[in-house]
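Enquirer: So that we are looking at the same thing, I have put the structure below in structure tokens.
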Amino acid sequence: MAPEVPVTKMNGRVLSVNVGRPREVRTERGRSISTAIWKHPVQGRVRVEGVNLAGDDQADRRVHGGPDKAVYAYASEDTAWWEARLGRTLGPGAFGENLTTAGLDPTAAVVGERWAVGSTLLEVRQPRLPCFKLALKMGDPLFVRRFADAMRLGAYLGIVRECELGADDAIEVVARPDHGVTVGLVAEVYLRDHARAGELLAAPALPASWRAWVLERPAA
């Protein structure tokens with residue numbers, strides 16, 4: 001297990017908890033697809049267990065959801081940045097996130113970092129890499145590239161301790177490994193700089209799929 005750096009009290013906050021079930025939507029070409037990227041805020045305490053929040057689901061478990069993508073966090077500050085550029089209001093859940101946060105940057109979180117939220121304990125695992133369903137939701141076929149280029153990706157988290165959380169809960173970073181592999185670095189390596197792939201192996205909590213991807217890279 002990687003050593004941890006001392007963590008001073010670092011506060012973020014959950015602005016909104018968002019969930020959604022799969023629905024059928026039509027693409028620009030008229031094809032019907034199932035997606036659960038449309039998430040909406042819910043009130044009260046929300047149960048967090050297994051690989052989901054209560055009331056939430058994923059349409060295609062081959063690429064979405066699972067233990068290393070159980071909870072998706074996205075910063076309200078990044079949503080505001082997009083609103084300024086798109087010229088429209090997006091609001092909580094706009095990017096398909098379960099937790100709309102304030103006061104901390106999920107993309108800058110370290111892989112393996114742990115967050116105490118409500119009575120749950122969550123662990124940062126990996127970045128969100130966009131797919132065509134985000135472009136469909138945004139009504140912009142080029143949005144996948146725009147989202148990746150902006151590097152405001154948010155973080156997927158695993159569930160370490162099941163319990164409950166809700167809007168207005170504090171987010172406290174209670175553990176942070178000192179290897180320095182951030183969510184943003186994982187995305188940077190994957191999207192722009194494969195030559196640095198070996199650096200990602202310093203993170204013990206890096207999911208097996210990512211470790212396999214790194215090991216498939218040709219040696220530098």
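In the structure tokens, the first chain shown is A, the next is B, and so on; residue numbers restart at 1 for each chain, and ligands run from 1 in the order shown.
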Using only C-alpha atoms, determine which residues lie at most 9 Å from segment 138-151 of chain A, disregarding the query and same-chain residues fewer than 6 positions distant; provide the list as an mmCIF file with N, CA and C atoms, in the first residue's frame.

Expert:
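Final output, saved to selection_30.cif:
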```
data_model
loop_
_atom_site.group_PDB
_atom_site.id
_atom_site.type_symbol
_atom_site.label_atom_id
_atom_site.label_comp_id
_atom_site.auth_asym_id
_atom_site.auth_seq_id
_atom_site.Cartn_x
_atom_site.Cartn_y
_atom_site.Cartn_z
ATOM 1 N N ALA A 94 -25.832 17.832 -14.983
ATOM 2 C CA ALA A 94 -25.754 18.082 -16.425
ATOM 3 C C ALA A 94 -24.783 17.148 -17.131
ATOM 4 N N PHE A 95 -23.750 16.719 -16.436
ATOM 5 C CA PHE A 95 -22.741 15.864 -17.048
ATOM 6 C C PHE A 95 -22.932 14.398 -16.670
ATOM 7 N N THR A 107 -10.984 16.335 -10.548
ATOM 8 C CA THR A 107 -9.970 15.988 -11.535
ATOM 9 C C THR A 107 -8.568 16.064 -10.941
ATOM 10 N N LEU A 129 -14.001 9.396 -18.926
ATOM 11 C CA LEU A 129 -13.679 9.631 -20.324
ATOM 12 C C LEU A 129 -14.981 9.698 -21.099
ATOM 13 N N PRO A 130 -15.198 10.751 -21.854
ATOM 14 C CA PRO A 130 -16.512 10.972 -22.470
ATOM 15 C C PRO A 130 -16.787 10.019 -23.620
ATOM 16 N N CYS A 131 -18.074 9.758 -23.841
ATOM 17 C CA CYS A 131 -18.495 8.966 -24.991
ATOM 18 C C CYS A 131 -19.593 9.736 -25.731
ATOM 19 N N PHE A 132 -20.091 9.163 -26.800
ATOM 20 C CA PHE A 132 -21.039 9.864 -27.663
ATOM 21 C C PHE A 132 -22.333 10.234 -26.943
ATOM 22 N N GLY A 184 -6.423 13.624 -13.174
ATOM 23 C CA GLY A 184 -6.035 14.390 -14.350
ATOM 24 C C GLY A 184 -4.834 13.804 -15.065
ATOM 25 N N ALA A 187 -5.860 10.815 -17.183
ATOM 26 C CA ALA A 187 -6.483 11.278 -18.422
ATOM 27 C C ALA A 187 -5.454 11.867 -19.380
ATOM 28 N N GLU A 188 -4.521 12.643 -18.857
ATOM 29 C CA GLU A 188 -3.479 13.249 -19.686
ATOM 30 C C GLU A 188 -2.671 12.177 -20.409
ATOM 31 N N LEU A 191 -5.023 10.374 -23.064
ATOM 32 C CA LEU A 191 -5.485 11.193 -24.180
ATOM 33 C C LEU A 191 -4.357 11.856 -24.965
#
```

Enquirer: Give me the segment 17-98 of chain A side of the contact with segment 114-126 of chain A, cut-off 10 Å, one line per residue showing its nearest atom pair and distance in Å at one decimal, counting only C-alpha atoms, sorted by chain and residue number, as a tab-separated table.

Expert:
```
residue	atom	partner	partner_atom	distance
A:Arg45	CA	A:Gly118	CA	9.0
A:Val46	CA	A:Gly118	CA	9.8
A:Arg47	CA	A:Thr120	CA	9.1
A:Val48	CA	A:Thr120	CA	7.3
A:Glu49	CA	A:Thr120	CA	9.1
A:Pro67	CA	A:Arg125	CA	9.4
A:Asp68	CA	A:Arg125	CA	6.0
A:Lys69	CA	A:Arg125	CA	7.5
A:Ala70	CA	A:Leu122	CA	9.4
A:Val71	CA	A:Leu122	CA	8.4
A:Tyr72	CA	A:Val124	CA	9.5
A:Ala73	CA	A:Val124	CA	9.5
```

Enquirer: Write the residues of the selection above to a file with N, CA, C and O atoms, as a tab-separated table (two decimals), in the first residue's frame.

Expert:
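Final output, saved to again-v6.tsv:
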```tsv
chain	number	residue	atom	x	y	z
A	45	ARG	N	-31.85	11.87	2.30
A	45	ARG	CA	-30.71	10.97	2.37
A	45	ARG	C	-30.82	9.90	1.29
A	45	ARG	O	-31.91	9.41	1.00
A	46	VAL	N	-29.69	9.57	0.69
A	46	VAL	CA	-29.67	8.60	-0.40
A	46	VAL	C	-28.76	7.44	0.00
A	46	VAL	O	-27.61	7.65	0.40
A	47	ARG	N	-29.28	6.25	-0.12
A	47	ARG	CA	-28.51	5.05	0.22
A	47	ARG	C	-27.43	4.81	-0.83
A	47	ARG	O	-27.67	4.92	-2.04
A	48	VAL	N	-26.22	4.49	-0.35
A	48	VAL	CA	-25.08	4.19	-1.22
A	48	VAL	C	-24.62	2.77	-0.88
A	48	VAL	O	-24.16	2.51	0.23
A	49	GLU	N	-24.75	1.87	-1.83
A	49	GLU	CA	-24.34	0.48	-1.55
A	49	GLU	C	-24.09	-0.27	-2.85
A	49	GLU	O	-24.58	0.13	-3.92
A	67	PRO	N	-17.73	-1.54	-9.75
A	67	PRO	CA	-17.09	-1.12	-8.50
A	67	PRO	C	-16.12	0.04	-8.64
A	67	PRO	O	-15.92	0.79	-7.67
A	68	ASP	N	-15.51	0.22	-9.79
A	68	ASP	CA	-14.56	1.31	-9.97
A	68	ASP	C	-15.18	2.55	-10.61
A	68	ASP	O	-14.50	3.55	-10.85
A	69	LYS	N	-16.48	2.48	-10.91
A	69	LYS	CA	-17.22	3.62	-11.46
A	69	LYS	C	-18.58	3.72	-10.77
A	69	LYS	O	-19.58	4.02	-11.40
A	70	ALA	N	-18.59	3.49	-9.47
A	70	ALA	CA	-19.87	3.43	-8.75
A	70	ALA	C	-20.51	4.80	-8.60
A	70	ALA	O	-21.74	4.93	-8.67
A	71	VAL	N	-19.69	5.81	-8.35
A	71	VAL	CA	-20.18	7.17	-8.08
A	71	VAL	C	-19.36	8.14	-8.91
A	71	VAL	O	-18.12	8.08	-8.89
A	72	TYR	N	-20.02	9.02	-9.62
A	72	TYR	CA	-19.32	10.00	-10.45
A	72	TYR	C	-19.49	11.38	-9.83
A	72	TYR	O	-20.61	11.82	-9.56
A	73	ALA	N	-18.35	12.05	-9.58
A	73	ALA	CA	-18.36	13.39	-8.99
A	73	ALA	C	-17.87	14.41	-10.01
A	73	ALA	O	-16.86	14.19	-10.69
```

Enquirer: Separation of atom CA of Leu201 of chain A and atom CA of Glu97 of chain A, in Å?

Expert: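 Here the two named atoms are 26.6 Å from each other.
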
Enquirer: Would you give me, as JSON, numbers by chain, the residues in segment 90-206 of chain A that DSSP reads as alpha helix (DSSP H)?

Expert: {"A": [132, 133, 134, 135, 136, 137, 138, 143, 144, 145, 146, 147, 148, 149, 150, 183, 184, 185, 186, 187, 188, 189, 190, 191]}

Enquirer: Mind dumping the selected residues with N, CA and C atoms as a compact mmCIF listing (two decimals), in the first residue's frame?

Expert:
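Here's the written file selection_7.txt:
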```txt
# COMPACT_ATOMS: atom_id res chain seq x y z
N PHE A 132 -20.09 9.16 -26.80
CA PHE A 132 -21.04 9.86 -27.66
C PHE A 132 -22.33 10.23 -26.94
N LYS A 133 -22.64 9.54 -25.83
CA LYS A 133 -23.88 9.84 -25.13
C LYS A 133 -23.84 11.22 -24.48
N LEU A 134 -22.65 11.65 -24.06
CA LEU A 134 -22.52 13.01 -23.53
C LEU A 134 -22.77 14.03 -24.64
N ALA A 135 -22.23 13.75 -25.82
CA ALA A 135 -22.46 14.64 -26.95
C ALA A 135 -23.94 14.71 -27.30
N LEU A 136 -24.60 13.57 -27.23
CA LEU A 136 -26.03 13.52 -27.51
C LEU A 136 -26.80 14.37 -26.50
N LYS A 137 -26.45 14.24 -25.23
CA LYS A 137 -27.14 15.01 -24.20
C LYS A 137 -26.91 16.51 -24.38
N MET A 138 -25.71 16.88 -24.78
CA MET A 138 -25.37 18.29 -24.95
C MET A 138 -25.87 18.86 -26.28
N PHE A 143 -18.94 17.56 -28.92
CA PHE A 143 -18.71 17.83 -27.51
C PHE A 143 -17.77 16.84 -26.85
N VAL A 144 -17.69 15.62 -27.34
CA VAL A 144 -16.74 14.65 -26.76
C VAL A 144 -15.33 15.20 -26.84
N ARG A 145 -14.95 15.72 -28.00
CA ARG A 145 -13.62 16.31 -28.16
C ARG A 145 -13.47 17.56 -27.30
N ARG A 146 -14.48 18.38 -27.26
CA ARG A 146 -14.40 19.61 -26.46
C ARG A 146 -14.23 19.29 -24.98
N PHE A 147 -14.96 18.30 -24.51
CA PHE A 147 -14.88 17.90 -23.10
C PHE A 147 -13.49 17.36 -22.78
N ALA A 148 -12.96 16.52 -23.65
CA ALA A 148 -11.63 15.96 -23.42
C ALA A 148 -10.56 17.05 -23.48
N ASP A 149 -10.67 17.96 -24.42
CA ASP A 149 -9.68 19.02 -24.55
C ASP A 149 -9.67 19.94 -23.34
N ALA A 150 -10.83 20.16 -22.74
CA ALA A 150 -10.91 21.05 -21.58
C ALA A 150 -10.30 20.43 -20.34
N VAL A 183 -6.19 11.96 -10.96
CA VAL A 183 -7.18 11.65 -11.99
C VAL A 183 -6.81 12.37 -13.29
N GLY A 184 -6.42 13.62 -13.17
CA GLY A 184 -6.04 14.39 -14.35
C GLY A 184 -4.83 13.80 -15.07
N LEU A 185 -3.87 13.27 -14.30
CA LEU A 185 -2.69 12.67 -14.93
C LEU A 185 -3.08 11.42 -15.71
N VAL A 186 -3.95 10.60 -15.13
CA VAL A 186 -4.41 9.40 -15.85
C VAL A 186 -5.01 9.80 -17.20
N ALA A 187 -5.86 10.81 -17.18
CA ALA A 187 -6.48 11.28 -18.42
C ALA A 187 -5.45 11.87 -19.38
N GLU A 188 -4.52 12.64 -18.86
CA GLU A 188 -3.48 13.25 -19.69
C GLU A 188 -2.67 12.18 -20.41
N VAL A 189 -2.29 11.14 -19.67
CA VAL A 189 -1.51 10.05 -20.27
C VAL A 189 -2.32 9.34 -21.35
N TYR A 190 -3.57 9.05 -21.06
CA TYR A 190 -4.40 8.30 -22.00
C TYR A 190 -4.71 9.11 -23.25
N LEU A 191 -5.02 10.37 -23.06
CA LEU A 191 -5.48 11.19 -24.18
C LEU A 191 -4.36 11.86 -24.97
```

Enquirer: Segment 1-216 of chain A: which residues are strand (DSSP E or B) by DSSP, as an MDAnalysis selection string?

Expert: chainID A and resid 4:5 11:19 23:26 32:35 40:41 46:49 52:53 71:75 99:102 110 114:117 120:127 155:161 163:165 170:177 182

Enquirer: Which residue out of A:Asn52, A:Ser76, A:Thr27, A:Thr89 has the minimum interatomic distance to Cys163 of chain A when only C-alpha atoms are used?

Expert: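 For Cys163 of chain A, the nearest of the given residues is A:Asn52.
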
Enquirer: Find the residues near Val42 of chain A: any atom within 8 Å, counting only C-alpha atoms, skip ones fewer than 3 places away on the same chain, and give them as a list in words.

Expert: Ser16, Val17, Asn18 and Val19 of chain A

Enquirer: Do you have the atom CA of Ala175 of chain A-atom CA of Pro204 of chain A distance handy?

Expert: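 Straight-line distance from atom CA of Ala175 of chain A to atom CA of Pro204 of chain A works out to 13.8 Å.
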
Enquirer: For a quick check of understanding, using only C-alpha atoms, which of A:Ile33, A:Leu99, A:Ala84, A:Val51 has the smallest distance to Ala167 of chain A?

Expert: A:Leu99

Enquirer: Suppose you want the space between atom CA of Arg196 of chain A and atom CA of Arg217 of chain A; what is it in Å?

Expert: 10.0 Å
